[in-house]
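Below is query.txt, which holds compact mmCIF, C-alpha atoms.
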```txt
# COMPACT_ATOMS: atom_id res chain seq x y z
CA MET A 111 32.23 14.28 -66.12
CA THR A 112 35.98 14.61 -66.25
CA ALA A 113 38.10 15.21 -63.24
CA THR A 114 41.71 16.16 -63.42
CA GLY A 115 44.05 14.47 -61.04
CA PRO A 116 47.37 12.75 -60.70
CA ALA A 117 47.94 9.85 -63.07
CA THR A 118 48.28 7.21 -60.39
CA VAL A 119 44.91 6.53 -58.83
CA PRO A 120 44.49 3.70 -56.34
CA VAL A 121 41.60 1.97 -58.09
CA THR A 122 40.50 -0.11 -55.09
CA ALA A 123 40.12 2.96 -52.90
CA ALA A 124 38.39 4.96 -55.67
CA LEU A 125 35.88 2.12 -56.09
CA ALA A 126 35.31 1.81 -52.34
CA LEU A 127 34.56 5.51 -51.87
CA GLY A 128 32.72 5.84 -55.19
CA ASP A 129 30.52 2.81 -54.53
CA ASP A 130 29.67 4.08 -51.03
CA ALA A 131 28.46 7.36 -52.51
CA LEU A 132 26.62 5.72 -55.41
CA VAL A 133 24.80 3.12 -53.35
CA ILE A 134 23.66 5.40 -50.55
CA SER A 135 22.63 7.96 -53.16
CA HIS A 136 20.41 5.36 -54.80
CA ARG A 137 18.91 4.35 -51.48
CA LEU A 138 18.08 7.98 -50.66
CA GLY A 139 16.56 8.39 -54.11
CA GLU A 140 14.14 5.59 -53.26
CA TRP A 141 12.44 8.03 -50.87
CA ALA A 142 11.17 10.11 -53.78
CA GLY A 143 7.40 10.08 -53.48
CA HIS A 144 7.48 8.41 -50.04
CA ALA A 145 9.05 10.88 -47.60
CA PRO A 146 6.99 11.91 -44.55
CA VAL A 147 6.80 15.60 -45.54
CA LEU A 148 7.54 17.54 -48.69
CA GLU A 149 10.57 19.31 -47.17
CA GLU A 150 12.15 15.95 -46.40
CA GLU A 151 11.40 14.65 -49.85
CA VAL A 152 13.41 17.55 -51.21
CA ALA A 153 16.15 17.30 -48.59
CA LEU A 154 16.77 13.59 -49.14
CA ALA A 155 16.79 14.04 -52.92
CA ASN A 156 19.27 16.90 -52.63
CA ILE A 157 21.58 14.85 -50.40
CA ALA A 158 21.29 11.99 -52.91
CA LEU A 159 22.25 14.36 -55.71
CA ASP A 160 25.36 15.56 -53.89
CA LEU A 161 26.40 11.96 -53.31
CA LEU A 162 25.74 11.02 -56.92
CA GLY A 163 28.01 13.86 -58.03
CA GLN A 164 30.73 12.57 -55.72
CA ALA A 165 30.24 9.04 -57.04
CA ARG A 166 30.61 10.22 -60.63
CA VAL A 167 33.95 11.90 -59.92
CA LEU A 168 35.28 8.95 -57.90
CA LEU A 169 34.17 6.26 -60.35
CA SER A 170 35.58 8.30 -63.23
CA LEU A 171 38.95 8.14 -61.48
CA ALA A 172 38.66 4.34 -61.55
CA GLY A 173 37.30 3.90 -65.08
CA ASP A 174 34.13 4.53 -67.09
CA GLU A 175 31.45 5.72 -64.67
CA ASP A 176 28.49 4.19 -66.52
CA GLU A 177 30.13 0.82 -67.04
CA LEU A 178 31.13 0.70 -63.40
CA ALA A 179 27.71 1.70 -62.11
CA TYR A 180 25.53 -0.30 -64.45
CA LEU A 181 27.46 -3.29 -65.67
CA ARG A 182 29.25 -4.69 -62.64
CA GLU A 183 27.92 -7.71 -60.79
CA GLU A 184 27.18 -7.56 -57.09
CA ARG A 185 30.48 -9.15 -56.07
CA ALA A 186 32.46 -6.44 -57.87
CA PHE A 187 30.98 -3.62 -55.76
CA ARG A 188 33.21 -2.43 -52.92
CA ASN A 189 30.76 -0.37 -50.87
CA LEU A 190 30.18 -0.76 -47.15
CA GLN A 191 27.32 -3.01 -46.15
CA LEU A 192 25.95 -0.08 -44.13
CA VAL A 193 25.08 2.00 -47.19
CA GLU A 194 23.20 -0.80 -48.96
CA GLN A 195 20.85 -1.41 -46.03
CA PRO A 196 17.22 -0.79 -46.99
CA ASN A 197 15.66 2.52 -46.03
CA GLY A 198 13.34 0.97 -43.46
CA ASP A 199 11.32 3.61 -41.66
CA PHE A 200 12.43 7.25 -41.57
CA ALA A 201 14.39 6.63 -38.35
CA HIS A 202 16.42 3.89 -40.07
CA THR A 203 17.32 6.23 -42.89
CA ILE A 204 18.34 8.92 -40.41
CA ALA A 205 20.46 6.52 -38.34
CA ARG A 206 22.19 5.31 -41.51
CA GLN A 207 22.78 8.94 -42.52
CA LEU A 208 24.16 9.84 -39.10
CA TYR A 209 26.61 6.93 -39.06
CA PHE A 210 27.68 7.38 -42.66
CA SER A 211 27.87 11.16 -42.96
CA THR A 212 29.87 11.44 -39.73
CA TYR A 213 32.36 8.94 -41.17
CA GLN A 214 32.41 10.64 -44.56
CA GLN A 215 32.98 14.08 -43.08
CA LEU A 216 35.88 12.88 -40.93
CA LEU A 217 37.42 10.95 -43.82
CA TYR A 218 37.06 13.69 -46.45
CA ASP A 219 38.31 16.26 -43.99
CA GLU A 220 41.51 14.27 -43.63
CA LEU A 221 41.87 13.47 -47.35
CA ALA A 222 41.33 17.14 -48.21
CA THR A 223 44.43 18.19 -46.29
CA GLY A 224 46.66 15.70 -48.10
CA THR A 225 48.12 15.77 -51.59
CA GLY A 226 46.74 12.43 -52.76
CA PRO A 227 44.48 11.81 -55.74
CA PHE A 228 41.32 12.24 -53.66
CA ALA A 229 42.26 15.64 -52.22
CA PRO A 230 40.48 17.82 -54.84
CA LEU A 231 37.19 15.93 -54.55
CA ALA A 232 37.43 15.62 -50.76
CA ALA A 233 38.04 19.36 -50.36
CA LYS A 234 34.95 20.11 -52.41
CA ALA A 235 32.68 17.36 -51.10
CA VAL A 236 33.40 17.84 -47.42
CA LYS A 237 31.59 21.18 -47.55
CA GLU A 238 28.48 19.40 -48.85
CA VAL A 239 28.79 16.56 -46.35
CA VAL A 240 28.81 19.06 -43.46
CA TYR A 241 25.19 19.84 -44.39
CA HIS A 242 24.30 16.12 -44.68
CA ARG A 243 25.66 15.44 -41.22
CA ASP A 244 23.89 18.45 -39.77
CA HIS A 245 20.63 17.24 -41.30
CA ALA A 246 21.07 13.76 -39.79
CA GLU A 247 22.09 15.17 -36.43
CA GLN A 248 19.12 17.52 -36.15
CA TRP A 249 16.71 14.71 -37.01
CA THR A 250 18.39 12.35 -34.55
CA LEU A 251 17.86 14.93 -31.80
CA ARG A 252 14.27 15.54 -32.83
CA LEU A 253 13.30 11.89 -33.07
CA GLY A 254 15.30 10.70 -30.06
CA ASP A 255 13.98 13.52 -27.89
CA GLY A 256 10.49 13.50 -29.43
CA THR A 257 7.54 11.29 -28.64
CA GLU A 258 7.69 7.88 -27.05
CA THR A 259 7.15 6.28 -30.45
CA SER A 260 9.78 8.35 -32.26
CA HIS A 261 12.27 7.68 -29.47
CA GLU A 262 11.63 3.95 -29.57
CA ARG A 263 11.93 3.78 -33.36
CA MET A 264 15.10 5.88 -33.42
CA GLN A 265 16.69 3.71 -30.74
CA ARG A 266 15.76 0.56 -32.65
CA ALA A 267 17.25 1.95 -35.86
CA CYS A 268 20.51 2.89 -34.12
CA ASP A 269 20.72 -0.58 -32.57
CA VAL A 270 19.99 -2.50 -35.77
CA LEU A 271 22.57 -0.62 -37.86
CA TRP A 272 25.27 -0.64 -35.19
CA ARG A 273 26.79 -3.91 -36.36
CA PHE A 274 27.55 -2.37 -39.76
CA THR A 275 29.60 0.51 -38.39
CA GLY A 276 32.87 -1.34 -37.70
CA GLU A 277 33.49 -1.91 -41.38
CA MET A 278 34.02 1.78 -42.07
CA PHE A 279 37.38 1.63 -40.33
CA GLN A 280 38.78 -1.52 -41.96
CA PRO A 281 41.89 -0.72 -44.04
CA VAL A 282 41.34 -0.13 -47.75
CA GLU A 283 44.21 -0.56 -50.21
CA GLY A 284 45.37 2.84 -51.41
CA LEU A 285 43.33 4.84 -48.92
CA ASP A 286 45.79 7.05 -47.14
CA ALA A 287 43.99 7.88 -43.90
CA ASP A 288 44.56 7.21 -40.21
CA LEU A 289 41.50 5.00 -39.79
CA PRO A 290 42.01 4.08 -36.11
CA ALA A 291 42.16 7.80 -35.27
CA LEU A 292 39.04 8.44 -37.35
CA GLU A 293 37.26 5.64 -35.53
CA THR A 294 37.99 7.23 -32.15
CA ARG A 295 36.64 10.57 -33.34
CA TRP A 296 33.64 8.92 -34.98
CA LEU A 297 32.73 7.17 -31.72
CA GLU A 298 33.12 10.41 -29.76
CA SER A 299 30.93 12.32 -32.19
CA VAL A 300 28.18 9.70 -32.45
CA THR A 301 28.18 9.12 -28.69
CA ASP A 302 27.76 12.85 -28.15
CA VAL A 303 24.82 13.17 -30.58
CA LEU A 304 23.05 10.07 -29.25
CA GLY A 305 23.56 11.29 -25.69
CA ARG A 306 22.02 14.68 -26.45
CA ALA A 307 19.12 12.94 -28.20
CA GLY A 308 18.41 10.92 -25.06
CA LEU A 309 19.36 7.72 -26.87
CA THR A 310 21.54 4.92 -25.59
CA VAL A 311 24.74 4.14 -27.43
CA PRO A 312 24.13 0.60 -28.71
CA GLU A 313 25.99 -2.22 -27.07
CA GLY A 314 27.33 -5.23 -28.84
CA PRO A 315 29.89 -5.73 -31.55
CA ARG A 316 30.24 -3.25 -34.36
CA THR A 317 30.92 -6.08 -36.80
CA GLY A 318 29.37 -9.53 -37.00
CA ALA A 319 31.25 -12.69 -37.89
CA TRP A 320 29.29 -12.78 -41.12
CA SER A 321 29.56 -9.12 -41.95
CA ALA A 322 33.05 -8.10 -40.84
CA GLY A 323 34.75 -6.11 -43.55
CA ALA A 324 32.76 -7.96 -46.15
CA GLY A 325 31.35 -5.19 -48.33
CA ARG A 326 34.83 -3.93 -49.09
CA GLN A 327 35.70 -7.45 -50.24
CA GLY A 328 32.61 -7.70 -52.45
CA VAL A 329 30.44 -9.71 -50.08
CA HIS A 330 27.07 -8.04 -49.62
CA THR A 331 23.82 -8.49 -47.75
CA GLU A 332 20.76 -9.91 -49.41
CA PRO A 333 18.86 -6.67 -50.12
CA PHE A 334 21.75 -5.32 -52.20
CA GLY A 335 21.14 -7.67 -55.13
CA ARG A 336 17.56 -6.49 -55.41
CA MET A 337 18.64 -2.87 -55.26
CA LEU A 338 21.19 -3.41 -58.04
CA ALA A 339 18.63 -5.21 -60.19
CA GLU A 340 16.45 -2.14 -60.08
CA MET A 341 19.32 0.32 -60.49
CA GLN A 342 20.86 -1.50 -63.46
CA HIS A 343 17.73 -2.72 -65.19
CA LEU A 344 17.22 0.16 -67.61
CA HIS A 345 20.83 0.33 -68.74
CA ARG A 346 21.09 -3.42 -69.22
CA SER A 347 17.80 -3.58 -71.16
CA HIS A 348 18.63 -0.60 -73.34
CA PRO A 349 22.43 -0.38 -73.61
CA GLY A 350 23.63 3.16 -74.12
CA ALA A 351 20.21 4.67 -73.45
CA SER A 352 20.31 8.35 -72.56
CA TRP A 353 17.76 11.06 -71.83
CA MET B 146 52.39 33.81 -64.61
CA VAL B 147 49.60 33.14 -67.05
CA THR B 148 49.17 35.76 -69.70
CA THR B 149 45.83 36.34 -71.31
CA THR B 150 45.61 37.42 -74.91
CA ALA B 151 43.09 39.95 -76.17
CA LEU B 152 41.13 37.13 -77.80
CA GLU B 153 41.07 35.12 -74.56
CA ALA B 154 39.83 38.14 -72.64
CA GLU B 155 37.09 38.63 -75.23
CA LEU B 156 36.02 34.98 -75.10
CA LEU B 157 36.11 35.01 -71.29
CA GLU B 158 33.74 37.95 -71.34
CA LEU B 159 31.41 36.20 -73.79
CA ALA B 160 31.36 32.96 -71.80
CA GLY B 161 30.99 34.92 -68.57
CA ALA B 162 27.88 36.65 -69.89
CA VAL B 163 26.07 33.31 -70.30
CA PRO B 164 23.18 33.18 -67.80
CA ASP B 165 23.03 30.46 -65.15
CA PRO B 166 20.46 27.89 -66.33
CA GLU B 167 18.77 27.63 -62.93
CA LEU B 168 19.17 31.21 -61.71
CA PRO B 169 18.98 33.17 -64.96
CA VAL B 170 19.34 36.49 -63.12
CA LEU B 171 23.00 35.62 -62.60
CA THR B 172 25.68 35.28 -65.23
CA LEU B 173 28.37 32.61 -64.94
CA ARG B 174 30.88 35.37 -64.17
CA GLU B 175 28.76 36.67 -61.30
CA LEU B 176 28.31 33.14 -59.98
CA GLY B 177 32.09 32.74 -60.04
CA VAL B 178 32.19 29.37 -61.78
CA LEU B 179 34.17 30.37 -64.87
CA ARG B 180 37.83 29.85 -64.13
CA ALA B 181 39.82 30.35 -67.36
CA VAL B 182 39.82 30.37 -71.14
CA HIS B 183 42.80 29.09 -73.12
CA VAL B 184 43.01 29.59 -76.86
CA HIS B 185 45.08 27.16 -78.92
CA GLY B 186 45.95 28.26 -82.45
CA THR B 187 43.35 30.56 -83.93
CA ASP B 188 40.03 28.79 -83.47
CA SER B 189 40.36 26.16 -80.75
CA VAL B 190 39.48 27.02 -77.18
CA GLU B 191 39.48 25.29 -73.82
CA VAL B 192 37.26 26.62 -71.02
CA ASP B 193 37.71 25.75 -67.33
CA LEU B 194 34.43 25.59 -65.43
CA THR B 195 33.96 24.61 -61.78
CA PRO B 196 30.73 23.17 -60.36
CA THR B 197 28.99 24.85 -57.45
CA TYR B 198 28.06 21.47 -55.91
CA THR B 199 29.75 18.25 -57.06
CA GLY B 200 26.46 16.86 -58.32
CA CYS B 201 25.07 20.09 -59.75
CA PRO B 202 23.16 19.04 -62.88
CA ALA B 203 23.31 22.60 -64.27
CA ILE B 204 26.95 22.14 -65.24
CA GLU B 205 26.01 20.25 -68.40
CA ALA B 206 23.62 22.96 -69.54
CA MET B 207 26.29 25.58 -68.74
CA SER B 208 28.84 23.71 -70.86
CA LEU B 209 26.47 23.50 -73.82
CA ASP B 210 25.57 27.19 -73.57
CA ILE B 211 29.23 28.22 -73.43
CA GLU B 212 30.01 26.00 -76.40
CA GLN B 213 27.22 27.54 -78.42
CA VAL B 214 28.23 31.12 -77.66
CA LEU B 215 31.89 30.55 -78.45
CA ARG B 216 31.14 28.66 -81.67
CA ALA B 217 28.91 31.52 -82.77
CA HIS B 218 31.95 33.73 -82.23
CA GLY B 219 34.01 31.75 -84.75
CA MET B 220 35.59 29.11 -82.55
CA ARG B 221 35.71 25.79 -84.37
CA GLU B 222 36.62 23.61 -81.43
CA VAL B 223 35.33 24.30 -77.92
CA THR B 224 36.21 22.04 -74.99
CA VAL B 225 34.72 22.72 -71.57
CA ARG B 226 36.70 21.11 -68.76
CA THR B 227 35.33 20.58 -65.27
CA VAL B 228 37.87 21.58 -62.65
CA LEU B 229 37.44 20.94 -58.92
CA THR B 230 40.43 22.79 -57.48
CA PRO B 231 40.25 25.21 -55.82
CA ALA B 232 36.78 24.23 -54.65
CA TRP B 233 34.06 26.76 -55.44
CA SER B 234 32.75 28.75 -52.52
CA THR B 235 29.78 31.08 -52.17
CA ASP B 236 32.43 33.77 -51.54
CA ASP B 237 33.13 33.52 -55.29
CA ILE B 238 29.76 35.13 -56.05
CA THR B 239 30.44 38.76 -56.97
CA PRO B 240 28.85 41.69 -55.09
CA GLU B 241 26.64 42.43 -58.14
CA GLY B 242 25.63 38.78 -58.13
CA ARG B 243 24.60 38.96 -54.47
CA GLU B 244 22.55 42.08 -55.11
CA LYS B 245 20.79 40.42 -58.06
CA LEU B 246 19.94 37.38 -55.94
CA ARG B 247 18.37 39.62 -53.31
CA GLU B 248 16.33 41.47 -55.94
CA PHE B 249 15.21 38.10 -57.30
CA GLY B 250 13.89 37.16 -53.84
CA ILE B 251 16.73 34.88 -52.74
CA ALA B 252 18.70 35.80 -49.62
CA PRO B 253 22.35 35.87 -50.72
CA PRO B 254 24.97 33.79 -48.89
CA ARG B 255 26.77 35.45 -46.03
CA VAL B 256 30.54 35.80 -46.27
CA ARG B 257 32.09 32.68 -44.81
CA GLN B 258 33.75 33.12 -41.44
CA GLU B 259 36.59 30.70 -41.94
CA ILE B 260 38.38 29.08 -44.81
CA GLY B 261 38.16 25.34 -45.20
CA PRO B 262 35.78 22.78 -43.80
CA VAL B 263 33.57 23.72 -40.91
CA PRO B 264 35.03 22.09 -37.78
CA LEU B 265 33.11 19.37 -35.98
CA THR B 266 31.21 21.43 -33.49
CA LEU B 267 27.82 20.17 -32.48
CA GLY B 268 25.41 23.02 -32.09
CA PRO B 269 22.04 22.98 -30.35
CA THR B 270 18.84 22.38 -32.26
CA ARG B 271 18.00 25.65 -33.87
CA THR B 272 15.33 27.20 -35.92
CA GLN B 273 16.24 30.82 -35.30
CA ASP B 274 19.91 30.19 -35.81
CA THR B 275 21.39 33.36 -34.37
CA GLN B 276 24.61 31.97 -32.96
CA SER B 277 26.58 34.79 -31.37
CA GLY B 278 28.84 36.52 -33.84
CA THR B 279 26.96 35.20 -36.84
CA GLU B 280 25.40 37.72 -39.13
CA PRO B 281 21.64 37.04 -39.52
CA VAL B 282 20.07 35.91 -42.77
CA ARG B 283 17.87 38.83 -43.79
CA CYS B 284 14.51 38.55 -45.48
CA PRO B 285 15.00 39.53 -49.15
CA HIS B 286 11.47 41.00 -49.22
CA CYS B 287 11.29 43.27 -46.14
CA GLY B 288 14.89 43.22 -44.90
CA SER B 289 14.04 41.93 -41.43
CA ALA B 290 16.81 40.12 -39.57
CA GLY B 291 14.24 37.94 -37.78
CA THR B 292 14.00 34.85 -39.94
CA GLU B 293 13.80 31.14 -39.17
CA LEU B 294 14.97 27.99 -40.91
CA LEU B 295 12.24 25.73 -42.28
CA SER B 296 14.37 23.20 -44.14
CA ARG B 297 18.08 22.87 -44.75
CA PHE B 298 17.48 21.89 -48.36
CA SER B 299 15.16 23.72 -50.70
CA SER B 300 14.40 23.76 -54.44
CA THR B 301 18.05 22.99 -55.18
CA ALA B 302 20.90 21.62 -53.04
CA CYS B 303 22.48 25.07 -52.86
CA LYS B 304 19.49 26.68 -51.14
CA ALA B 305 17.75 26.41 -47.77
CA LEU B 306 14.12 27.31 -47.12
CA ARG B 307 13.46 30.03 -44.54
CA ARG B 308 10.56 32.14 -43.34
CA CYS B 309 10.49 35.77 -42.32
CA LEU B 310 9.07 36.32 -38.84
CA ALA B 311 8.15 39.94 -39.68
CA CYS B 312 6.38 39.71 -43.06
CA ARG B 313 5.72 35.94 -42.80
CA GLU B 314 6.91 35.31 -46.36
CA PRO B 315 8.86 32.12 -47.02
CA PHE B 316 12.04 32.57 -49.05
CA ASP B 317 15.08 30.71 -50.38
CA HIS B 318 18.49 31.35 -48.86
CA PHE B 319 21.62 30.59 -50.87
CA LYS B 320 23.55 28.52 -48.30
CA GLU B 321 27.13 29.33 -47.46
CA LEU B 322 29.47 26.75 -48.98
```

How would this structure read if it were set down as structure tokens?
Amino acid sequence: MTATGPATVPVTAALALGDDALVISHRLGEWAGHAPVLEEEVALANIALDLLGQARVLLSLAGDEDELAYLREERAFRNLQLVEQPNGDFAHTIARQLYFSTYQQLLYDELATGTGPFAPLAAKAVKEVVYHRDHAEQWTLRLGDGTETSHERMQRACDVLWRFTGEMFQPVEGLDADLPALETRWLESVTDVLGRAGLTVPEGPRTGAWSAGAGRQGVHTEPFGRMLAEMQHLHRSHPGASW
Amino acid sequence: MVTTTALEAELLELAGAVPDPELPVLTLRELGVLRAVHVHGTDSVEVDLTPTYTGCPAIEAMSLDIEQVLRAHGMREVTVRTVLTPAWSTDDITPEGREKLREFGIAPPRVRQEIGPVPLTLGPTRTQDTQSGTEPVRCPHCGSAGTELLSRFSSTACKALRRCLACREPFDHFKEL
């Protein structure tokens, strides 16, 4: 897919945003055939498809989309550690979606109002992301305010993923956004949703010594290598294969 | 000011008459995704197409169909460009297009209330989403305004699944974007 834009594209930022979208899209795609109900199967696949479309535009700004997706090694990926976390149970996937789509909506909303190279994509994608965030929010309310088991699982998922949420607001070269302001709004929004869901806002650091800012620097968590192996296997075994 | 030649207008009409690959009741013109046609020389043409959703897989089929139609009309070189700006909105679907969707059994999108991204307001859990001031989504089968949301995502990303509380039929709703 070709995207028209200004000639000067900050490659680091394009990779960071493109890899976020690509990796979380792949994770959501892993639910195909495993989702709790048919409607969710379809919903998660549709969200994954939106994100894949965004990834294609962003990676095409940085270079050849297929080469970037299929032929880079783990250390060359610039995505957040949050998005590479395994799906876990449905509550984990929803918590990851809530944290990420809230961030993505705030970020794209800001980028869309600017004149930078990401403005055209951000203006288009933010309208899609609004639906992703709404989906995550409604499920957070339903699970948090549901049965004892759903509440407990949703709380556990929010707690476990909390330490990956600080990285979203680390500066990225070439990303022209007021990240500290976004972080304040992100915290307000997530605190509000968790509160209405009867969940407790997790305590503890939002980055760990071993995870702080690492995904953006190419340092990833263990499950990511296995995910990439599966994602890249076909292309590496059959170079240039197409449907 | 962009001027359109008679040939460009003719080609725009031809490309615009191509049916949407997923919703064949609509043409690309009615869907509002065809932005412009530029002719270079006598038989080279560039077509600007915008995707409904960023990841919409139909765009590739649309491009191929346009290429085929324009080649059959004597164009030697056809290039279909994907343009993102201005972002497509469901408001770009023509009135005839909305009517055809309804006849096809899909509730058409409502006219969007505001321009630009929806602000960060956190609404209550809803199934019967009749927020005050919002026009209801009507059942395309019986016309009832009493309908409820079953799933925010349906057979494609651009549709939601709803159910009519009057005739009990489930139906797709083309979501506002």

Check: Any idea what's packed within 12 Å of A:Ala229, counting all atoms listed in the file, ignoring anything in its chain fewer than 3 positions away? Could you give it as a PyMOL selection string?
Finding: (chain A and resi 113-116+119+124+167-168+217-226+232-236+285-287) or (chain B and resi 229-232)

Next item on the list: Between atom CA of A:Ala153 and atom CA of A:Arg206, measure the distance and give it in Å to one decimal.
Entry: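 Interatomic distance, atom CA of A:Ala153 to atom CA of A:Arg206: 15.2 Å.
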
Notebook entry, point to check: Looking at B:Val228, B:Ala290, B:Ile251, B:Cys284, which one is nearest to chain A, with distances taken over only C-alpha atoms?
Noted result: B:Val228

Note to self: Report as an MDAnalysis selection string all protein, DNA and RNA residues lying within 12 Å of B:Ala181, evaluated on all atoms listed in the file, omitting residues in the same chain fewer than 3 positions from it.
What the structure shows: chainID B and resid 147:150 153:158 160:161 173:174 177:178 184 190:195 224:228

Check: To one decimal place, how far is atom CA of A:Ala142 from atom CA of A:His261 in Å?
Finding: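 Going from atom CA of A:Ala142 over to atom CA of A:His261, I get 24.5 Å.
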
Next item on the list: Name the residues in contact with stretch 237-248 of chain A at a cut-off of 8 Å, using all atoms listed in the file, excluding same-chain residues fewer than 5 positions from it; report them as a PyMOL selection string.
Entry: (chain A and resi 157+160+204-205+207-208+211-212+214-215+303) or (chain B and resi 198+262-263+270+297+322)

Notebook entry, point to check: Pick the closest to B:Ile204 from B:Ser189, B:Glu175, B:Val223, B:Glu167: which is it, counting only C-alpha atoms?
Noted result: B:Glu167

Notebook entry, point to check: Could you work out how far atom CA of A:Leu132 lies from atom CA of A:Met278, giving the answer in Å with one decimal?
Noted result: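 These atoms are spaced 15.8 Å apart.
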
Next item on the list: May I ask which of the residues B:Pro169, B:Gly186, B:Pro202, B:Pro254 is the closest one to chain A, counting all atoms listed in the file?
Entry: B:Pro202

Margin query: Here is a test: counting all atoms listed in the file, which residue of A:His202, A:Arg295, A:Arg316, A:His330 is nearest to A:Ala267?
Written below: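 So, comparing all the options, the nearest one is A:His202.
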
Item checked: A:Ala324 environment, 12 Å, all atoms listed in the file, sequence neighbours closer than 3 positions dropped, as a PyMOL selection string -> chain A and resi 126+185-192+274-278+280-282+317-321+327-331

Item checked: Nearest candidate to chain B (options A:Ala201, A:Val300, A:Ile134, A:Ala145; using only C-alpha atoms) ->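 Under the stated criterion, the closest residue is A:Val300.
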
Next item on the list: Select, from B:Ser299, B:Glu241, B:Cys309, B:Asp188, the residue with the minimum atom-to-atom distance to chain A, counting all atoms listed in the file.
Entry: B:Ser299

Next item on the list: Give as JSON, numbers by chain the set of residues within 10 Å of the point (14.5, 41.2, -48.5), where distances use the file's coordinates and all atoms listed in the file.
Entry: {"B": [246, 247, 248, 249, 250, 251, 252, 253, 282, 283, 284, 285, 286, 287, 288, 289, 290, 309, 312, 314, 316]}

Some atoms are missing, so please complete stretch 327-332 of chain A with all heavy atoms and return it as a tab-separated table (two decimals), keeping the file's coordinate frame.
```
chain	number	residue	atom	x	y	z
A	327	GLN	N	35.16	-6.30	-49.50
A	327	GLN	CA	35.70	-7.45	-50.24
A	327	GLN	C	34.69	-7.97	-51.28
A	327	GLN	O	34.91	-9.02	-51.89
A	327	GLN	CB	36.06	-8.60	-49.29
A	327	GLN	CG	37.43	-8.42	-48.62
A	327	GLN	CD	37.34	-7.51	-47.41
A	327	GLN	OE1	36.56	-7.74	-46.50
A	327	GLN	NE2	38.16	-6.46	-47.41
A	328	GLY	N	33.58	-7.29	-51.43
A	328	GLY	CA	32.61	-7.70	-52.45
A	328	GLY	C	31.54	-8.65	-51.94
A	328	GLY	O	30.77	-9.19	-52.73
A	329	VAL	N	31.49	-8.84	-50.62
A	329	VAL	CA	30.44	-9.71	-50.08
A	329	VAL	C	29.35	-8.80	-49.49
A	329	VAL	O	29.63	-7.96	-48.64
A	329	VAL	CB	31.01	-10.64	-48.98
A	329	VAL	CG1	29.90	-11.51	-48.40
A	329	VAL	CG2	32.12	-11.50	-49.55
A	330	HIS	N	28.14	-8.97	-49.99
A	330	HIS	CA	27.07	-8.04	-49.62
A	330	HIS	C	25.90	-8.74	-48.97
A	330	HIS	O	25.79	-9.97	-49.01
A	330	HIS	CB	26.64	-7.25	-50.85
A	330	HIS	CG	27.75	-6.38	-51.38
A	330	HIS	ND1	28.07	-5.17	-50.82
A	330	HIS	CD2	28.64	-6.59	-52.37
A	330	HIS	CE1	29.12	-4.66	-51.45
A	330	HIS	NE2	29.48	-5.49	-52.39
A	331	THR	N	25.00	-7.94	-48.39
A	331	THR	CA	23.82	-8.49	-47.75
A	331	THR	C	22.73	-8.69	-48.79
A	331	THR	O	22.76	-8.11	-49.88
A	331	THR	CB	23.33	-7.55	-46.62
A	331	THR	OG1	23.16	-6.25	-47.17
A	331	THR	CG2	24.34	-7.48	-45.49
A	332	GLU	N	21.76	-9.49	-48.43
A	332	GLU	CA	20.76	-9.91	-49.41
A	332	GLU	C	20.02	-8.77	-50.12
A	332	GLU	O	19.80	-8.84	-51.33
A	332	GLU	CB	19.76	-10.84	-48.71
A	332	GLU	CG	18.86	-11.56	-49.70
A	332	GLU	CD	17.81	-12.39	-49.00
A	332	GLU	OE1	18.01	-12.73	-47.82
A	332	GLU	OE2	16.78	-12.66	-49.63
```
